[in-house]
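Text of target-v4.txt (compact mmCIF, N, CA and C atoms) as supplied:
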# COMPACT_ATOMS: atom_id res chain seq x y z
N MET Z 1 4.02 107.48 81.70
CA MET Z 1 5.22 108.29 81.60
C MET Z 1 5.68 108.27 80.15
N LYS Z 2 6.32 109.38 79.74
CA LYS Z 2 6.83 109.43 78.38
C LYS Z 2 8.14 110.21 78.34
N ILE Z 3 8.92 109.94 77.34
CA ILE Z 3 10.16 110.66 77.10
C ILE Z 3 9.84 111.79 76.15
N VAL Z 4 10.26 113.01 76.50
CA VAL Z 4 10.02 114.17 75.66
C VAL Z 4 11.37 114.64 75.12
N ILE Z 5 11.48 114.69 73.82
CA ILE Z 5 12.73 115.00 73.13
C ILE Z 5 12.65 116.40 72.54
N THR Z 6 13.69 117.19 72.75
CA THR Z 6 13.81 118.49 72.11
C THR Z 6 14.78 118.34 70.96
N LYS Z 7 14.36 118.76 69.77
CA LYS Z 7 15.25 118.72 68.61
C LYS Z 7 16.08 119.99 68.54
N TYR Z 8 17.40 119.82 68.50
CA TYR Z 8 18.31 120.94 68.36
C TYR Z 8 19.00 120.85 67.01
N PRO Z 9 19.40 121.98 66.46
CA PRO Z 9 20.06 121.96 65.14
C PRO Z 9 21.53 121.53 65.27
N ILE Z 10 21.72 120.27 65.65
CA ILE Z 10 23.06 119.70 65.79
C ILE Z 10 23.10 118.40 64.99
N ASP Z 11 24.30 117.89 64.79
CA ASP Z 11 24.47 116.64 64.06
C ASP Z 11 24.14 115.48 64.99
N PHE Z 12 22.87 115.04 64.97
CA PHE Z 12 22.38 113.99 65.85
C PHE Z 12 21.31 113.22 65.11
N ASP Z 13 21.36 111.90 65.22
CA ASP Z 13 20.42 111.04 64.48
C ASP Z 13 19.15 110.80 65.30
N TYR Z 14 18.18 111.70 65.18
CA TYR Z 14 16.92 111.57 65.91
C TYR Z 14 16.12 110.36 65.45
N LEU Z 15 16.22 110.00 64.17
CA LEU Z 15 15.50 108.83 63.67
C LEU Z 15 16.00 107.55 64.32
N GLU Z 16 17.29 107.48 64.57
CA GLU Z 16 17.86 106.30 65.24
C GLU Z 16 17.32 106.20 66.68
N VAL Z 17 17.19 107.33 67.35
CA VAL Z 17 16.63 107.34 68.70
C VAL Z 17 15.17 106.90 68.66
N GLU Z 18 14.43 107.40 67.69
CA GLU Z 18 13.02 106.98 67.54
C GLU Z 18 12.91 105.47 67.37
N LYS Z 19 13.73 104.90 66.49
CA LYS Z 19 13.71 103.46 66.27
C LYS Z 19 14.00 102.70 67.57
N PHE Z 20 14.99 103.16 68.31
CA PHE Z 20 15.36 102.52 69.58
C PHE Z 20 14.20 102.58 70.58
N LEU Z 21 13.58 103.75 70.71
CA LEU Z 21 12.48 103.90 71.66
C LEU Z 21 11.28 103.04 71.27
N ILE Z 22 11.01 102.97 69.99
CA ILE Z 22 9.91 102.12 69.51
C ILE Z 22 10.20 100.65 69.82
N GLU Z 23 11.44 100.22 69.55
CA GLU Z 23 11.84 98.84 69.85
C GLU Z 23 11.65 98.50 71.33
N LYS Z 24 11.93 99.45 72.19
CA LYS Z 24 11.84 99.23 73.64
C LYS Z 24 10.43 99.47 74.18
N GLY Z 25 9.51 99.89 73.30
CA GLY Z 25 8.13 100.11 73.72
C GLY Z 25 7.94 101.37 74.55
N CYS Z 26 8.81 102.34 74.35
CA CYS Z 26 8.73 103.60 75.12
C CYS Z 26 7.78 104.59 74.46
N ASN Z 27 7.03 105.28 75.25
CA ASN Z 27 6.15 106.35 74.79
C ASN Z 27 7.00 107.62 74.70
N PHE Z 28 6.99 108.29 73.56
CA PHE Z 28 7.79 109.51 73.41
C PHE Z 28 7.08 110.51 72.51
N GLU Z 29 7.53 111.73 72.60
CA GLU Z 29 7.06 112.80 71.71
C GLU Z 29 8.15 113.85 71.62
N TYR Z 30 7.99 114.74 70.65
CA TYR Z 30 8.92 115.86 70.51
C TYR Z 30 8.34 117.09 71.17
N PHE Z 31 9.21 117.85 71.85
CA PHE Z 31 8.82 119.07 72.54
C PHE Z 31 8.93 120.25 71.59
N GLY Z 32 7.94 121.14 71.66
CA GLY Z 32 8.00 122.38 70.89
C GLY Z 32 7.98 122.14 69.39
N ASN Z 33 8.63 123.04 68.67
CA ASN Z 33 8.60 122.90 67.21
C ASN Z 33 9.50 121.75 66.78
N THR Z 34 9.00 120.96 65.89
CA THR Z 34 9.75 119.80 65.41
C THR Z 34 10.13 119.95 63.95
N GLY Z 35 9.67 121.00 63.34
CA GLY Z 35 9.97 121.19 61.92
C GLY Z 35 11.26 121.93 61.72
N TYR Z 36 11.30 122.70 60.66
CA TYR Z 36 12.52 123.41 60.32
C TYR Z 36 12.46 124.88 60.70
N LYS Z 37 11.52 125.21 61.55
CA LYS Z 37 11.42 126.57 62.05
C LYS Z 37 12.68 126.92 62.84
N LYS Z 38 13.07 128.16 62.81
CA LYS Z 38 14.27 128.60 63.51
C LYS Z 38 14.17 128.29 65.01
N LYS Z 39 15.16 127.61 65.56
CA LYS Z 39 15.21 127.27 66.98
C LYS Z 39 15.72 128.48 67.74
N THR Z 40 15.06 128.79 68.85
CA THR Z 40 15.49 129.91 69.67
C THR Z 40 15.85 129.42 71.07
N SER Z 41 16.45 130.30 71.83
CA SER Z 41 16.88 129.97 73.19
C SER Z 41 16.58 131.18 74.09
N TYR Z 42 16.99 131.08 75.32
CA TYR Z 42 16.80 132.16 76.29
C TYR Z 42 17.97 132.16 77.25
N LYS Z 43 18.10 133.24 77.99
CA LYS Z 43 19.16 133.36 78.97
C LYS Z 43 18.57 133.89 80.27
N ILE Z 44 18.75 133.12 81.33
CA ILE Z 44 18.44 133.60 82.68
C ILE Z 44 19.78 133.61 83.39
N PRO Z 45 20.41 134.77 83.42
CA PRO Z 45 21.78 134.81 83.92
C PRO Z 45 21.89 134.54 85.42
N LEU Z 46 23.01 133.95 85.80
CA LEU Z 46 23.33 133.74 87.20
C LEU Z 46 23.98 135.00 87.76
N ASP Z 47 23.65 135.32 88.99
CA ASP Z 47 24.30 136.39 89.74
C ASP Z 47 25.27 135.70 90.68
N ILE Z 48 26.55 135.65 90.31
CA ILE Z 48 27.51 134.88 91.10
C ILE Z 48 27.73 135.45 92.49
N SER Z 49 27.29 136.70 92.73
CA SER Z 49 27.40 137.27 94.08
C SER Z 49 26.28 136.76 94.98
N GLY Z 50 25.23 136.20 94.41
CA GLY Z 50 24.14 135.64 95.21
C GLY Z 50 23.32 136.67 95.94
N LYS Z 51 23.05 137.81 95.30
CA LYS Z 51 22.34 138.90 95.96
C LYS Z 51 20.92 139.13 95.44
N GLN Z 52 20.34 138.14 94.77
CA GLN Z 52 19.00 138.30 94.22
C GLN Z 52 17.93 137.97 95.25
N ASP Z 53 16.74 138.48 95.02
CA ASP Z 53 15.59 138.28 95.91
C ASP Z 53 15.01 136.88 95.68
N VAL Z 54 15.18 136.02 96.67
CA VAL Z 54 14.77 134.62 96.57
C VAL Z 54 13.27 134.49 96.30
N GLU Z 55 12.44 135.19 97.05
CA GLU Z 55 10.98 135.10 96.89
C GLU Z 55 10.55 135.58 95.51
N PHE Z 56 11.05 136.74 95.10
CA PHE Z 56 10.70 137.28 93.79
C PHE Z 56 11.09 136.30 92.69
N ASN Z 57 12.32 135.80 92.76
CA ASN Z 57 12.80 134.89 91.72
C ASN Z 57 11.95 133.63 91.62
N PHE Z 58 11.62 133.04 92.76
CA PHE Z 58 10.83 131.82 92.74
C PHE Z 58 9.45 132.06 92.13
N LYS Z 59 8.83 133.16 92.52
CA LYS Z 59 7.48 133.46 92.04
C LYS Z 59 7.44 133.86 90.57
N ASN Z 60 8.57 134.31 90.03
CA ASN Z 60 8.60 134.82 88.67
C ASN Z 60 9.44 133.97 87.71
N CYS Z 61 9.82 132.80 88.14
CA CYS Z 61 10.66 131.95 87.29
C CYS Z 61 9.84 130.81 86.71
N PHE Z 62 9.94 130.61 85.41
CA PHE Z 62 9.18 129.54 84.77
C PHE Z 62 9.77 128.16 85.08
N TYR Z 63 10.98 128.09 85.60
CA TYR Z 63 11.54 126.81 86.01
C TYR Z 63 10.93 126.31 87.32
N ALA Z 64 10.69 127.24 88.25
CA ALA Z 64 10.33 126.88 89.62
C ALA Z 64 9.10 125.98 89.68
N ASN Z 65 9.30 124.78 90.16
CA ASN Z 65 8.26 123.78 90.33
C ASN Z 65 7.57 123.40 89.02
N HIS Z 66 8.19 123.73 87.88
CA HIS Z 66 7.66 123.36 86.57
C HIS Z 66 8.68 122.57 85.76
N CYS Z 67 9.89 122.52 86.26
CA CYS Z 67 10.96 121.81 85.56
C CYS Z 67 11.75 121.00 86.60
N VAL Z 68 11.02 120.17 87.33
CA VAL Z 68 11.60 119.38 88.41
C VAL Z 68 12.65 118.44 87.84
N GLN Z 69 13.78 118.36 88.53
CA GLN Z 69 14.91 117.55 88.07
C GLN Z 69 15.26 116.49 89.11
N LEU Z 70 15.56 115.29 88.66
CA LEU Z 70 16.11 114.24 89.50
C LEU Z 70 17.53 114.01 89.03
N PHE Z 71 18.49 114.24 89.92
CA PHE Z 71 19.90 114.07 89.55
C PHE Z 71 20.66 113.55 90.75
N GLU Z 72 21.34 112.45 90.55
CA GLU Z 72 22.18 111.82 91.57
C GLU Z 72 21.44 111.64 92.90
N GLY Z 73 20.21 111.13 92.83
CA GLY Z 73 19.44 110.82 94.03
C GLY Z 73 18.83 112.02 94.72
N LYS Z 74 18.82 113.16 94.03
CA LYS Z 74 18.27 114.38 94.62
C LYS Z 74 17.20 114.96 93.69
N ILE Z 75 16.11 115.43 94.29
CA ILE Z 75 15.05 116.08 93.52
C ILE Z 75 15.19 117.59 93.72
N PHE Z 76 15.24 118.31 92.61
CA PHE Z 76 15.36 119.77 92.63
C PHE Z 76 14.11 120.37 92.03
N THR Z 77 13.67 121.51 92.54
CA THR Z 77 12.49 122.19 92.01
C THR Z 77 12.73 122.82 90.64
N CYS Z 78 14.01 122.94 90.26
CA CYS Z 78 14.35 123.56 88.98
C CYS Z 78 15.71 123.05 88.49
N THR Z 79 16.10 123.49 87.32
CA THR Z 79 17.30 123.01 86.67
C THR Z 79 18.62 123.57 87.21
N PRO Z 80 18.77 124.88 87.41
CA PRO Z 80 20.10 125.41 87.74
C PRO Z 80 20.82 124.76 88.92
N PRO Z 81 20.18 124.58 90.08
CA PRO Z 81 20.96 123.99 91.18
C PRO Z 81 21.33 122.52 90.93
N ALA Z 82 20.52 121.82 90.14
CA ALA Z 82 20.81 120.42 89.87
C ALA Z 82 22.13 120.24 89.14
N TYR Z 83 22.48 121.20 88.30
CA TYR Z 83 23.65 121.05 87.45
C TYR Z 83 24.73 122.12 87.67
N ILE Z 84 24.61 122.89 88.73
CA ILE Z 84 25.55 123.99 88.97
C ILE Z 84 26.97 123.48 89.16
N GLN Z 85 27.13 122.23 89.57
CA GLN Z 85 28.48 121.69 89.76
C GLN Z 85 29.30 121.78 88.47
N PHE Z 86 28.66 121.66 87.32
CA PHE Z 86 29.38 121.73 86.04
C PHE Z 86 29.83 123.16 85.75
N PHE Z 87 28.96 124.14 86.07
CA PHE Z 87 29.33 125.55 85.94
C PHE Z 87 30.50 125.85 86.88
N ASN Z 88 30.37 125.45 88.14
CA ASN Z 88 31.41 125.71 89.14
C ASN Z 88 32.76 125.15 88.69
N LYS Z 89 32.75 123.94 88.18
CA LYS Z 89 34.00 123.31 87.75
C LYS Z 89 34.59 124.02 86.53
N LYS Z 90 33.74 124.30 85.55
CA LYS Z 90 34.21 124.93 84.30
C LYS Z 90 34.81 126.31 84.54
N PHE Z 91 34.15 127.10 85.43
CA PHE Z 91 34.57 128.50 85.60
C PHE Z 91 35.20 128.78 86.95
N ASN Z 92 35.58 127.72 87.66
CA ASN Z 92 36.23 127.86 88.96
C ASN Z 92 35.44 128.76 89.91
N ARG Z 93 34.17 128.46 90.04
CA ARG Z 93 33.25 129.20 90.92
C ARG Z 93 32.81 128.30 92.06
N ASN Z 94 32.12 128.87 93.02
CA ASN Z 94 31.63 128.09 94.15
C ASN Z 94 30.21 128.52 94.52
N LEU Z 95 29.29 128.44 93.57
CA LEU Z 95 27.89 128.70 93.89
C LEU Z 95 27.41 127.50 94.69
N ILE Z 96 26.94 127.77 95.89
CA ILE Z 96 26.71 126.72 96.88
C ILE Z 96 25.29 126.16 96.83
N ILE Z 97 25.23 124.83 96.92
CA ILE Z 97 23.96 124.13 97.06
C ILE Z 97 23.83 123.76 98.54
N SER Z 98 22.73 124.16 99.16
CA SER Z 98 22.51 123.78 100.56
C SER Z 98 21.59 122.56 100.61
N LYS Z 99 21.51 121.91 101.75
CA LYS Z 99 20.63 120.75 101.91
C LYS Z 99 19.17 121.14 101.74
N ASN Z 100 18.85 122.42 101.85
CA ASN Z 100 17.47 122.89 101.66
C ASN Z 100 17.13 123.11 100.19
N ASP Z 101 18.11 122.97 99.30
CA ASP Z 101 17.89 123.19 97.87
C ASP Z 101 17.40 121.95 97.14
N TYR Z 102 17.35 120.83 97.82
CA TYR Z 102 16.95 119.58 97.17
C TYR Z 102 16.33 118.63 98.19
N ILE Z 103 15.75 117.57 97.66
CA ILE Z 103 15.17 116.51 98.49
C ILE Z 103 15.95 115.24 98.17
N ASN Z 104 16.49 114.61 99.19
CA ASN Z 104 17.19 113.35 99.02
C ASN Z 104 16.15 112.25 98.88
N ILE Z 105 16.17 111.53 97.77
CA ILE Z 105 15.14 110.51 97.54
C ILE Z 105 15.25 109.34 98.51
N TYR Z 106 16.36 109.25 99.21
CA TYR Z 106 16.55 108.14 100.15
C TYR Z 106 16.11 108.51 101.57
N ASP Z 107 15.70 109.77 101.78
CA ASP Z 107 15.18 110.18 103.09
C ASP Z 107 13.77 109.62 103.28
N ASP Z 108 13.37 109.50 104.53
CA ASP Z 108 12.01 109.06 104.85
C ASP Z 108 11.09 110.28 104.72
N ILE Z 109 10.45 110.41 103.55
CA ILE Z 109 9.64 111.59 103.25
C ILE Z 109 8.41 111.15 102.46
N THR Z 110 7.29 111.78 102.74
CA THR Z 110 6.05 111.41 102.06
C THR Z 110 5.89 112.18 100.75
N LYS Z 111 4.99 111.70 99.91
CA LYS Z 111 4.68 112.38 98.65
C LYS Z 111 4.22 113.81 98.93
N ASP Z 112 3.35 114.00 99.92
CA ASP Z 112 2.86 115.35 100.23
C ASP Z 112 3.97 116.26 100.69
N GLU Z 113 4.92 115.72 101.46
CA GLU Z 113 6.07 116.54 101.89
C GLU Z 113 6.94 116.93 100.70
N ILE Z 114 7.11 116.01 99.77
CA ILE Z 114 7.89 116.31 98.57
C ILE Z 114 7.21 117.42 97.77
N LEU Z 115 5.91 117.28 97.53
CA LEU Z 115 5.19 118.29 96.76
C LEU Z 115 5.22 119.65 97.44
N HIS Z 116 5.11 119.67 98.76
CA HIS Z 116 5.17 120.93 99.51
C HIS Z 116 6.56 121.58 99.37
N ARG Z 117 7.60 120.78 99.52
CA ARG Z 117 8.97 121.33 99.42
C ARG Z 117 9.25 121.86 98.02
N LEU Z 118 8.78 121.16 96.99
CA LEU Z 118 9.04 121.61 95.62
C LEU Z 118 8.36 122.93 95.31
N ALA Z 119 7.29 123.24 96.03
CA ALA Z 119 6.53 124.46 95.79
C ALA Z 119 7.02 125.64 96.62
N GLN Z 120 8.18 125.48 97.27
CA GLN Z 120 8.74 126.54 98.11
C GLN Z 120 10.02 127.09 97.50
N PRO Z 121 10.29 128.39 97.70
CA PRO Z 121 11.57 128.94 97.24
C PRO Z 121 12.74 128.20 97.91
N ILE Z 122 13.84 128.14 97.21
CA ILE Z 122 15.05 127.52 97.75
C ILE Z 122 16.14 128.58 97.87
N GLU Z 123 17.12 128.31 98.70
CA GLU Z 123 18.22 129.27 98.90
C GLU Z 123 18.94 129.58 97.60
N PHE Z 124 19.04 128.59 96.72
CA PHE Z 124 19.77 128.79 95.47
C PHE Z 124 19.14 129.87 94.60
N CYS Z 125 17.88 130.19 94.81
CA CYS Z 125 17.22 131.25 94.03
C CYS Z 125 17.98 132.58 94.11
N LYS Z 126 18.80 132.74 95.11
CA LYS Z 126 19.57 133.99 95.25
C LYS Z 126 20.59 134.17 94.12
N TYR Z 127 20.89 133.10 93.41
CA TYR Z 127 21.87 133.16 92.32
C TYR Z 127 21.26 133.45 90.95
N CYS Z 128 19.96 133.32 90.82
CA CYS Z 128 19.33 133.52 89.51
C CYS Z 128 18.87 134.97 89.37
N ASN Z 129 19.21 135.58 88.26
CA ASN Z 129 18.83 136.97 88.01
C ASN Z 129 17.64 136.96 87.04
N VAL Z 130 16.48 136.65 87.58
CA VAL Z 130 15.27 136.51 86.78
C VAL Z 130 14.89 137.82 86.08
N LYS Z 131 15.16 138.95 86.71
CA LYS Z 131 14.81 140.25 86.11
C LYS Z 131 15.58 140.53 84.82
N GLU Z 132 16.73 139.92 84.66
CA GLU Z 132 17.57 140.18 83.49
C GLU Z 132 17.46 139.09 82.41
N ARG Z 133 16.44 138.25 82.52
CA ARG Z 133 16.32 137.19 81.53
C ARG Z 133 15.99 137.77 80.16
N VAL Z 134 16.48 137.06 79.14
CA VAL Z 134 16.31 137.49 77.76
C VAL Z 134 15.80 136.29 76.97
N PHE Z 135 14.77 136.52 76.17
CA PHE Z 135 14.17 135.45 75.38
C PHE Z 135 14.36 135.70 73.89
N ASP Z 136 14.01 134.70 73.10
CA ASP Z 136 14.04 134.76 71.65
C ASP Z 136 15.45 135.02 71.10
N LEU Z 137 16.44 134.43 71.75
CA LEU Z 137 17.81 134.50 71.25
C LEU Z 137 18.00 133.41 70.21
N GLU Z 138 18.81 133.66 69.21
CA GLU Z 138 19.09 132.62 68.24
C GLU Z 138 19.83 131.48 68.93
N TRP Z 139 19.36 130.25 68.71
CA TRP Z 139 19.98 129.10 69.36
C TRP Z 139 21.32 128.82 68.70
N SER Z 140 22.32 128.54 69.53
CA SER Z 140 23.63 128.15 69.01
C SER Z 140 24.33 127.28 70.05
N VAL Z 141 25.34 126.59 69.62
CA VAL Z 141 26.15 125.79 70.52
C VAL Z 141 26.96 126.75 71.39
N SER Z 142 27.15 126.39 72.65
CA SER Z 142 27.89 127.23 73.58
C SER Z 142 29.31 127.50 73.08
N ASN Z 143 29.80 128.71 73.37
CA ASN Z 143 31.19 129.02 73.05
C ASN Z 143 32.09 128.81 74.26
N GLY Z 144 31.50 128.33 75.36
CA GLY Z 144 32.29 127.99 76.56
C GLY Z 144 32.74 129.17 77.38
N LYS Z 145 32.10 130.31 77.22
CA LYS Z 145 32.47 131.52 77.97
C LYS Z 145 31.51 131.73 79.14
N GLU Z 146 32.04 132.18 80.26
CA GLU Z 146 31.22 132.38 81.46
C GLU Z 146 30.10 133.39 81.25
N ASN Z 147 30.30 134.39 80.42
CA ASN Z 147 29.27 135.42 80.24
C ASN Z 147 28.02 134.91 79.54
N GLU Z 148 28.06 133.69 79.01
CA GLU Z 148 26.84 133.08 78.48
C GLU Z 148 25.88 132.73 79.61
N TRP Z 149 26.38 132.58 80.80
CA TRP Z 149 25.61 132.08 81.94
C TRP Z 149 25.46 133.11 83.06
N THR Z 150 26.11 134.25 82.95
CA THR Z 150 26.09 135.27 84.01
C THR Z 150 25.64 136.62 83.44
N ASN Z 151 25.40 137.59 84.34
CA ASN Z 151 25.04 138.92 83.85
C ASN Z 151 26.26 139.80 83.81
Would you give me this structure, written as structure tokens?
Amino acid sequence: MKIVITKYPIDFDYLEVEKFLIEKGCNFEYFGNTGYKKKTSYKIPLDISGKQDVEFNFKNCFYANHCVQLFEGKIFTCTPPAYIQFFNKKFNRNLIISKNDYINIYDDITKDEILHRLAQPIEFCKYCNVKERVFDLEWSVSNGKENEWTN
């Protein structure tokens, strides 16, 4: 296992983190470009009405089963449902996570069952507007506006 670090153009001491990881004997590497090349970002907007095609989104999303997240004892097939609580709180929304959107790590479940579940569309896919995603945006710190995350 290794820690993969993404360098962002923010005031952060990456060398200090490297020293700490080396001291602890951790295997790490940097993700993507590590030089001074312009950092870019992307936007996959949320559809707060939840009217998107779940199957289409899952099959066409680069997050699905490629960016598995473990958060608060739950395994998610992708990033958005794992952290939607922060969006909901910030913008007073209620995008719902169902029990079918994650796997509870404390349930009696086999490795094969976990892998099968992660490879299936989840109900939360109805909130992602994969067709309207935009790439190669200039990376910047969030301005805290809801339209950064929605269409």
Find the spatial neighbours of Tyr106 of chain Z, counting all atoms listed in the file, within a cut-off of 7 Å - ignore same-chain residues fewer than 2 positions away - and output them as a list in words.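 Answer for this query is Gly73, Lys74, Ile103, Asn104, Asp108 and Ile109 of chain Z.
Take atom CA of Pro121 of chain Z and atom C of Asn65 of chain Z: the distance between them is 10.7 Å.
The space separating atom CA of Val68 of chain Z from atom CA of Asp107 of chain Z comes to 17.7 Å.
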Counting only N, CA and C atoms, the option among Z:Lys51, Z:Arg93, Z:Lys111, Z:Lys145 closest to Cys125 of chain Z: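 Counting only N, CA and C atoms, the residue closest to Cys125 of chain Z is Z:Lys51.
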Let me make sure I understand: among Z:Trp139, Z:Ile22, Z:Glu132, Z:His66, which one has the smallest atom-to-atom distance to Ile10 of chain Z if we use only C-alpha atoms?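 Under the stated criterion, the closest residue is Z:Trp139.
The space separating atom CA of Trp149 of chain Z from atom N of Ile48 of chain Z comes to 9.1 Å.
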Assuming 6 Å of padding per side, give the centre and edge lengths of the axis-aligned box around every listed atom of segment 48-55 of chain Z, in Å to one decimal and as JSON.
{"center_x": 19.1, "center_y": 136.8, "center_z": 93.7, "size_x": 29.2, "size_y": 16.6, "size_z": 18.7}
Counting only N, CA and C atoms, the residue among Z:Tyr14, Z:Pro45, Z:Phe56, Z:Ile84 that lies closest to Glu148 of chain Z is Z:Pro45
Per DSSP on the backbone, what are the alpha helix (DSSP H) residues of chain Z, as a ChimeraX atom specification? /Z:14-23,54-60,79-91,111-118
